file run.pdb (PDB, C-alpha atoms)
ATOM      1  CA  MET A   1     140.217 190.885 124.365  1.00  0.00           C
ATOM      2  CA  ASN A   2     138.032 193.730 123.178  1.00  0.00           C
ATOM      3  CA  ARG A   3     134.349 194.049 123.945  1.00  0.00           C
ATOM      4  CA  GLY A   4     133.154 192.724 120.570  1.00  0.00           C
ATOM      5  CA  GLN A   5     135.206 189.575 120.887  1.00  0.00           C
ATOM      6  CA  LYS A   6     133.873 188.932 124.377  1.00  0.00           C
ATOM      7  CA  GLY A   7     130.264 189.243 123.146  1.00  0.00           C
ATOM      8  CA  ARG A   8     130.861 186.795 120.328  1.00  0.00           C
ATOM      9  CA  GLY A   9     132.499 184.398 122.765  1.00  0.00           C
ATOM     10  CA  ILE A  10     129.459 184.416 125.064  1.00  0.00           C
ATOM     11  CA  SER A  11     127.148 184.065 122.075  1.00  0.00           C
ATOM     12  CA  GLY A  12     129.244 181.190 120.864  1.00  0.00           C
ATOM     13  CA  LEU A  13     129.104 179.534 124.284  1.00  0.00           C
ATOM     14  CA  TRP A  14     125.294 179.440 124.355  1.00  0.00           C
ATOM     15  CA  GLY A  15     125.164 178.277 120.747  1.00  0.00           C
ATOM     16  CA  ARG A  16     127.653 175.499 121.507  1.00  0.00           C
ATOM     17  CA  LEU A  17     125.599 174.476 124.544  1.00  0.00           C
ATOM     18  CA  ALA A  18     122.414 174.409 122.431  1.00  0.00           C
ATOM     19  CA  CYS A  19     124.254 172.405 119.761  1.00  0.00           C
ATOM     20  CA  GLY A  20     125.536 169.944 122.373  1.00  0.00           C
ATOM     21  CA  TRP A  21     122.046 169.632 123.862  1.00  0.00           C
ATOM     22  CA  SER A  22     120.610 168.858 120.420  1.00  0.00           C
ATOM     23  CA  ALA A  23     123.369 166.392 119.515  1.00  0.00           C
ATOM     24  CA  ALA A  24     123.015 164.528 122.821  1.00  0.00           C
ATOM     25  CA  PHE A  25     119.237 164.274 122.423  1.00  0.00           C
ATOM     26  CA  ALA A  26     119.674 163.108 118.813  1.00  0.00           C
ATOM     27  CA  ALA A  27     122.191 160.447 119.881  1.00  0.00           C
ATOM     28  CA  LEU A  28     119.801 159.172 122.550  1.00  0.00           C
ATOM     29  CA  HIS A  29     116.943 158.878 120.043  1.00  0.00           C
ATOM     30  CA  PHE A  30     119.155 157.115 117.495  1.00  0.00           C
ATOM     31  CA  TYR A  31     120.342 154.723 120.218  1.00  0.00           C
ATOM     32  CA  TRP A  32     116.708 153.909 121.013  1.00  0.00           C
ATOM     33  CA  ALA A  33     115.818 153.618 117.301  1.00  0.00           C
ATOM     34  CA  LEU A  34     118.598 151.058 116.856  1.00  0.00           C
ATOM     35  CA  GLY A  35     117.178 148.915 119.669  1.00  0.00           C
ATOM     36  CA  GLY A  36     118.700 150.471 122.798  1.00  0.00           C
ATOM     37  CA  GLU A  37     116.537 150.202 125.862  1.00  0.00           C
ATOM     38  CA  ILE A  38     118.166 152.196 128.668  1.00  0.00           C
ATOM     39  CA  GLY A  39     115.817 155.008 129.686  1.00  0.00           C
ATOM     40  CA  LEU A  40     113.211 154.372 126.999  1.00  0.00           C
ATOM     41  CA  SER A  41     110.650 152.615 129.185  1.00  0.00           C
ATOM     42  CA  VAL A  42     110.559 155.512 131.665  1.00  0.00           C
ATOM     43  CA  SER A  43     110.315 157.945 128.767  1.00  0.00           C
ATOM     44  CA  ALA A  44     107.804 156.279 126.459  1.00  0.00           C
ATOM     45  CA  GLY A  45     106.019 153.800 128.714  1.00  0.00           C
ATOM     46  CA  PRO A  46     104.116 151.024 126.921  1.00  0.00           C
ATOM     47  CA  LEU A  47     105.320 152.212 123.500  1.00  0.00           C
ATOM     48  CA  ALA A  48     108.846 151.233 124.554  1.00  0.00           C
ATOM     49  CA  ALA A  49     107.854 147.591 124.910  1.00  0.00           C
ATOM     50  CA  GLU A  50     105.651 147.481 121.815  1.00  0.00           C
ATOM     51  CA  ARG A  51     107.828 149.628 119.503  1.00  0.00           C
ATOM     52  CA  PRO A  52     105.250 150.031 116.736  1.00  0.00           C
ATOM     53  CA  LEU A  53     106.742 151.025 113.375  1.00  0.00           C
ATOM     54  CA  TRP A  54     105.259 154.545 113.490  1.00  0.00           C
ATOM     55  CA  PHE A  55     106.843 155.128 116.905  1.00  0.00           C
ATOM     56  CA  VAL A  56     110.283 154.025 115.720  1.00  0.00           C
ATOM     57  CA  VAL A  57     110.110 155.998 112.461  1.00  0.00           C
ATOM     58  CA  VAL A  58     108.509 159.210 113.744  1.00  0.00           C
ATOM     59  CA  GLY A  59     109.185 159.203 117.470  1.00  0.00           C
ATOM     60  CA  LEU A  60     112.768 157.965 117.416  1.00  0.00           C
ATOM     61  CA  TRP A  61     114.347 158.455 113.963  1.00  0.00           C
ATOM     62  CA  GLY A  62     112.235 161.546 113.235  1.00  0.00           C
ATOM     63  CA  VAL A  63     112.909 163.279 116.546  1.00  0.00           C
ATOM     64  CA  GLY A  64     116.604 162.366 116.254  1.00  0.00           C
ATOM     65  CA  GLY A  65     116.684 163.972 112.795  1.00  0.00           C
ATOM     66  CA  LEU A  66     114.941 167.117 114.066  1.00  0.00           C
ATOM     67  CA  CYS A  67     117.506 167.316 116.847  1.00  0.00           C
ATOM     68  CA  LEU A  68     120.297 167.276 114.253  1.00  0.00           C
ATOM     69  CA  VAL A  69     118.560 170.143 112.440  1.00  0.00           C
ATOM     70  CA  GLY A  70     118.440 171.914 115.806  1.00  0.00           C
ATOM     71  CA  ALA A  71     122.196 171.380 116.192  1.00  0.00           C
ATOM     72  CA  VAL A  72     122.778 173.067 112.818  1.00  0.00           C
ATOM     73  CA  LEU A  73     120.491 175.936 113.852  1.00  0.00           C
ATOM     74  CA  ALA A  74     122.464 176.340 117.082  1.00  0.00           C
ATOM     75  CA  VAL A  75     125.719 176.562 115.113  1.00  0.00           C
ATOM     76  CA  LEU A  76     124.170 179.196 112.826  1.00  0.00           C
ATOM     77  CA  LEU A  77     123.219 181.221 115.897  1.00  0.00           C
ATOM     78  CA  THR A  78     126.908 181.443 116.852  1.00  0.00           C
ATOM     79  CA  ARG A  79     127.874 183.128 113.603  1.00  0.00           C
ATOM     80  CA  SER A  80     128.875 186.753 114.000  1.00  0.00           C
ATOM     81  CA  ASP A  81     127.806 187.576 110.422  1.00  0.00           C
ATOM     82  CA  LEU A  82     124.073 187.029 111.038  1.00  0.00           C
ATOM     83  CA  ARG A  83     122.568 189.953 109.142  1.00  0.00           C
ATOM     84  CA  GLY A  84     119.733 190.404 106.671  1.00  0.00           C
ATOM     85  CA  THR A  85     116.625 188.331 105.938  1.00  0.00           C
ATOM     86  CA  PRO A  86     118.152 184.824 106.195  1.00  0.00           C
ATOM     87  CA  ALA A  87     119.621 185.800 109.554  1.00  0.00           C
ATOM     88  CA  ALA A  88     116.224 187.025 110.745  1.00  0.00           C
ATOM     89  CA  SER A  89     114.765 183.636 109.785  1.00  0.00           C
ATOM     90  CA  VAL A  90     117.486 181.874 111.788  1.00  0.00           C
ATOM     91  CA  ARG A  91     116.701 184.040 114.804  1.00  0.00           C
ATOM     92  CA  TRP A  92     112.949 183.421 114.480  1.00  0.00           C
ATOM     93  CA  LEU A  93     113.634 179.691 114.342  1.00  0.00           C
ATOM     94  CA  GLY A  94     115.846 180.013 117.408  1.00  0.00           C
ATOM     95  CA  TRP A  95     113.086 181.792 119.322  1.00  0.00           C
ATOM     96  CA  GLY A  96     110.561 179.207 118.138  1.00  0.00           C
ATOM     97  CA  VAL A  97     112.694 176.257 119.247  1.00  0.00           C
ATOM     98  CA  SER A  98     113.294 177.935 122.599  1.00  0.00           C
ATOM     99  CA  ALA A  99     109.569 178.579 123.106  1.00  0.00           C
ATOM    100  CA  VAL A 100     108.541 175.019 122.197  1.00  0.00           C
ATOM    101  CA  LEU A 101     111.153 173.434 124.474  1.00  0.00           C
ATOM    102  CA  LEU A 102     110.315 175.742 127.391  1.00  0.00           C
ATOM    103  CA  ALA A 103     106.562 175.266 126.938  1.00  0.00           C
ATOM    104  CA  ARG A 104     106.988 171.489 126.863  1.00  0.00           C
ATOM    105  CA  GLY A 105     109.288 171.373 129.880  1.00  0.00           C
ATOM    106  CA  ILE A 106     107.495 173.897 132.075  1.00  0.00           C
ATOM    107  CA  GLY A 107     103.979 172.939 130.984  1.00  0.00           C
ATOM    108  CA  VAL A 108     104.347 169.227 131.671  1.00  0.00           C
ATOM    109  CA  GLU A 109     106.238 169.944 134.899  1.00  0.00           C
ATOM    110  CA  LEU A 110     103.402 172.144 136.168  1.00  0.00           C
ATOM    111  CA  MET A 111     100.740 169.611 135.146  1.00  0.00           C
ATOM    112  CA  LEU A 112     102.543 166.813 136.979  1.00  0.00           C
ATOM    113  CA  LEU A 113     103.278 168.893 140.080  1.00  0.00           C
ATOM    114  CA  THR A 114      99.735 170.252 140.392  1.00  0.00           C
ATOM    115  CA  GLY A 115      97.935 167.110 139.257  1.00  0.00           C
ATOM    116  CA  THR A 116      95.988 169.046 136.628  1.00  0.00           C
ATOM    117  CA  GLY A 117      95.406 168.116 133.037  1.00  0.00           C
ATOM    118  CA  ALA A 118      94.342 164.846 131.521  1.00  0.00           C
ATOM    119  CA  LEU A 119      97.057 162.567 132.856  1.00  0.00           C
ATOM    120  CA  ASP A 120      96.779 159.156 131.247  1.00  0.00           C
ATOM    121  CA  THR A 121      96.344 156.385 133.815  1.00  0.00           C
ATOM    122  CA  SER A 122      98.827 154.290 131.844  1.00  0.00           C
ATOM    123  CA  VAL A 123     101.607 156.655 132.942  1.00  0.00           C
ATOM    124  CA  SER A 124     103.376 154.871 135.772  1.00  0.00           C
ATOM    125  CA  GLU A 125     104.658 156.485 138.957  1.00  0.00           C
ATOM    126  CA  GLU A 126     108.203 155.729 137.737  1.00  0.00           C
ATOM    127  CA  GLN A 127     107.524 157.625 134.501  1.00  0.00           C
ATOM    128  CA  ARG A 128     106.186 160.599 136.452  1.00  0.00           C
ATOM    129  CA  THR A 129     109.254 160.618 138.693  1.00  0.00           C
ATOM    130  CA  TRP A 130     111.721 160.497 135.783  1.00  0.00           C
ATOM    131  CA  THR A 131     109.736 163.109 133.883  1.00  0.00           C
ATOM    132  CA  LEU A 132     109.815 165.487 136.852  1.00  0.00           C
ATOM    133  CA  ALA A 133     113.464 164.838 137.727  1.00  0.00           C
ATOM    134  CA  LEU A 134     115.111 164.416 134.318  1.00  0.00           C
ATOM    135  CA  TRP A 135     113.069 164.923 131.159  1.00  0.00           C
ATOM    136  CA  ASN A 136     111.341 168.214 131.953  1.00  0.00           C
ATOM    137  CA  PRO A 137     114.507 169.859 133.319  1.00  0.00           C
ATOM    138  CA  TRP A 138     116.277 168.593 130.179  1.00  0.00           C
ATOM    139  CA  PHE A 139     113.721 170.352 127.952  1.00  0.00           C
ATOM    140  CA  ILE A 140     113.943 173.505 130.071  1.00  0.00           C
ATOM    141  CA  ALA A 141     117.761 173.493 129.797  1.00  0.00           C
ATOM    142  CA  GLY A 142     117.531 173.140 126.012  1.00  0.00           C
ATOM    143  CA  GLY A 143     114.960 175.931 125.804  1.00  0.00           C
ATOM    144  CA  LEU A 144     117.152 178.238 127.866  1.00  0.00           C
ATOM    145  CA  ALA A 145     120.256 177.406 125.798  1.00  0.00           C
ATOM    146  CA  PHE A 146     118.442 178.143 122.514  1.00  0.00           C
ATOM    147  CA  GLY A 147     116.858 181.277 123.955  1.00  0.00           C
ATOM    148  CA  LEU A 148     120.157 182.671 125.226  1.00  0.00           C
ATOM    149  CA  ALA A 149     121.948 181.763 121.972  1.00  0.00           C
ATOM    150  CA  THR A 150     119.215 183.539 120.010  1.00  0.00           C
ATOM    151  CA  LEU A 151     119.271 186.554 122.327  1.00  0.00           C
ATOM    152  CA  ARG A 152     123.034 186.896 121.868  1.00  0.00           C
ATOM    153  CA  ALA A 153     122.700 186.416 118.092  1.00  0.00           C
ATOM    154  CA  SER A 154     120.010 189.131 117.982  1.00  0.00           C
ATOM    155  CA  ARG A 155     122.335 191.750 119.442  1.00  0.00           C
ATOM    156  CA  LYS A 156     124.487 193.788 117.163  1.00  0.00           C
ATOM    157  CA  PRO A 157     128.235 193.256 117.672  1.00  0.00           C
ATOM    158  CA  THR A 158     129.751 195.955 119.861  1.00  0.00           C
TER     159      THR A 158
END
call {"tool": "encode", "arguments": {"input": "run.pdb", "output": "structure tokens"}}
result
Amino acid sequence: MNRGQKGRGISGLWGRLACGWSAAFAALHFYWALGGEIGLSVSAGPLAAERPLWFVVVGLWGVGGLCLVGAVLAVLLTRSDLRGTPAASVRWLGWGVSAVLLARGIGVELMLLTGTGALDTSVSEEQRTWTLALWNPWFIAGGLAFGLATLRASRKPT
């Protein structure tokens, strides 16, 4: 395998991981939108029990749809022919998704660990535990996958 092929393979790996991350998160939100309950109460708290229409439409179907768009973006980041203005837009989107996911994961993690910020008293101890142990690391993993896929896509093939 020559050097150029190896670079594309690594780039493709991170893009596939970002795509898988997005697809898994989309599937989870669609499962919840269709009435699934596993994991929702420790993620959404009281909204999980109430399920107001806005929460189902925006918070579950909407986030699931955005995750599918993220999966498409991740696939685009694996393409070796990313050149020109549309490619620059794809890379900017990749960096933006990475930054948002990392900011969400690291920011909330730090607030929970340090006890700073306006933590709502309706957030249960169980929610805090699951957020620290699962949700925030999940967002950080997605942010890293998108960031590394974008970094690899930003490099010229060798």
call {"tool": "resolve_selection", "arguments": {"input": "run.pdb", "expression": "the PyMOL selection byres ((chain A and resi 144-151) around 8)", "output": "list of chain:residue names"}}
result
A:Ser11, A:Gly12, A:Leu13, A:Trp14, A:Gly15, A:Leu17, A:Ala18, A:Ala74, A:Leu77, A:Thr78, A:Arg91, A:Gly94, A:Trp95, A:Val97, A:Ser98, A:Ala99, A:Leu102, A:Ile140, A:Ala141, A:Gly142, A:Gly143, A:Arg152, A:Ala153, A:Ser154, A:Arg155
call {"tool": "resolve_selection", "arguments": {"input": "run.pdb", "expression": "the PyMOL selection byres ((chain A and resi 39-48) around 9)", "output": "list in words"}}
result
Trp32, Gly36, Glu37, Ile38, Ala49, Glu50, Arg51, Pro52, Phe55, Ser122, Val123, Ser124, Glu126, Gln127, Arg128, Thr129, Trp130, Thr131 and Trp135 of chain A
call {"tool": "closest_residue", "arguments": {"input": "run.pdb", "among": "A:Ala26, A:Leu93, A:Leu113, A:Leu132", "to": "Ala71 in chain A", "atoms": "only C-alpha atoms"}}
result
A:Ala26
call {"tool": "axis_aligned_box", "arguments": {"input": "run.pdb", "around": "range 20-33 of chain A", "padding_each_side": "8 Å", "output": "JSON"}}
result
{"center_x": 120.7, "center_y": 161.8, "center_z": 120.6, "size_x": 25.7, "size_y": 32.3, "size_z": 22.6}
call {"tool": "resolve_selection", "arguments": {"input": "run.pdb", "expression": "the PyMOL selection byres ((chain A and resi 63-70) around 6)", "output": "list in words"}}
result
Ser22, Ala26, His29, Phe30, Gly59, Leu60, Trp61, Gly62, Ala71, Val72 and Leu73 of chain A
call {"tool": "atom_distance", "arguments": {"input": "run.pdb", "atom1": "CA of Tyr31 in chain A", "atom2": "CA of Val90 in chain A"}}
result
28.6 Å
call {"tool": "build_atoms", "arguments": {"input": "run.pdb", "residues": "range 67-79 of chain A", "atoms": "N, CA, C and O atoms", "output": "mmCIF file, in the frame of the given file"}}
result
data_model
loop_
_atom_site.group_PDB
_atom_site.id
_atom_site.type_symbol
_atom_site.label_atom_id
_atom_site.label_comp_id
_atom_site.auth_asym_id
_atom_site.auth_seq_id
_atom_site.Cartn_x
_atom_site.Cartn_y
_atom_site.Cartn_z
ATOM 1 N N CYS A 67 116.469 166.853 115.914
ATOM 2 C CA CYS A 67 117.506 167.316 116.847
ATOM 3 C C CYS A 67 118.789 167.680 116.097
ATOM 4 O O CYS A 67 119.472 168.641 116.470
ATOM 5 N N LEU A 68 119.116 166.931 115.049
ATOM 6 C CA LEU A 68 120.297 167.276 114.253
ATOM 7 C C LEU A 68 120.088 168.608 113.530
ATOM 8 O O LEU A 68 121.014 169.413 113.428
ATOM 9 N N VAL A 69 118.873 168.845 113.047
ATOM 10 C CA VAL A 69 118.560 170.143 112.440
ATOM 11 C C VAL A 69 118.712 171.243 113.492
ATOM 12 O O VAL A 69 119.248 172.316 113.210
ATOM 13 N N GLY A 70 118.266 170.961 114.714
ATOM 14 C CA GLY A 70 118.440 171.914 115.806
ATOM 15 C C GLY A 70 119.904 172.205 116.086
ATOM 16 O O GLY A 70 120.278 173.343 116.386
ATOM 17 N N ALA A 71 120.757 171.180 115.980
ATOM 18 C CA ALA A 71 122.196 171.380 116.192
ATOM 19 C C ALA A 71 122.764 172.329 115.137
ATOM 20 O O ALA A 71 123.568 173.212 115.456
ATOM 21 N N VAL A 72 122.328 172.168 113.891
ATOM 22 C CA VAL A 72 122.778 173.067 112.818
ATOM 23 C C VAL A 72 122.282 174.488 113.093
ATOM 24 O O VAL A 72 123.035 175.456 112.950
ATOM 25 N N LEU A 73 121.034 174.621 113.511
ATOM 26 C CA LEU A 73 120.491 175.936 113.852
ATOM 27 C C LEU A 73 121.317 176.578 114.960
ATOM 28 O O LEU A 73 121.659 177.762 114.880
ATOM 29 N N ALA A 74 121.667 175.807 115.966
ATOM 30 C CA ALA A 74 122.464 176.340 117.082
ATOM 31 C C ALA A 74 123.819 176.842 116.592
ATOM 32 O O ALA A 74 124.294 177.890 117.032
ATOM 33 N N VAL A 75 124.441 176.114 115.666
ATOM 34 C CA VAL A 75 125.719 176.562 115.113
ATOM 35 C C VAL A 75 125.524 177.862 114.344
ATOM 36 O O VAL A 75 126.335 178.786 114.452
ATOM 37 N N LEU A 76 124.442 177.962 113.570
ATOM 38 C CA LEU A 76 124.170 179.196 112.826
ATOM 39 C C LEU A 76 123.988 180.382 113.766
ATOM 40 O O LEU A 76 124.363 181.501 113.446
ATOM 41 N N LEU A 77 123.424 180.138 114.932
ATOM 42 C CA LEU A 77 123.219 181.221 115.897
ATOM 43 C C LEU A 77 124.535 181.743 116.463
ATOM 44 O O LEU A 77 124.578 182.839 117.008
ATOM 45 N N THR A 78 125.613 180.980 116.339
ATOM 46 C CA THR A 78 126.908 181.443 116.852
ATOM 47 C C THR A 78 127.647 182.320 115.852
ATOM 48 O O THR A 78 128.642 182.936 116.204
ATOM 49 N N ARG A 79 127.168 182.368 114.636
ATOM 50 C CA ARG A 79 127.874 183.128 113.603
ATOM 51 C C ARG A 79 127.758 184.619 113.845
ATOM 52 O O ARG A 79 126.668 185.135 114.071
#
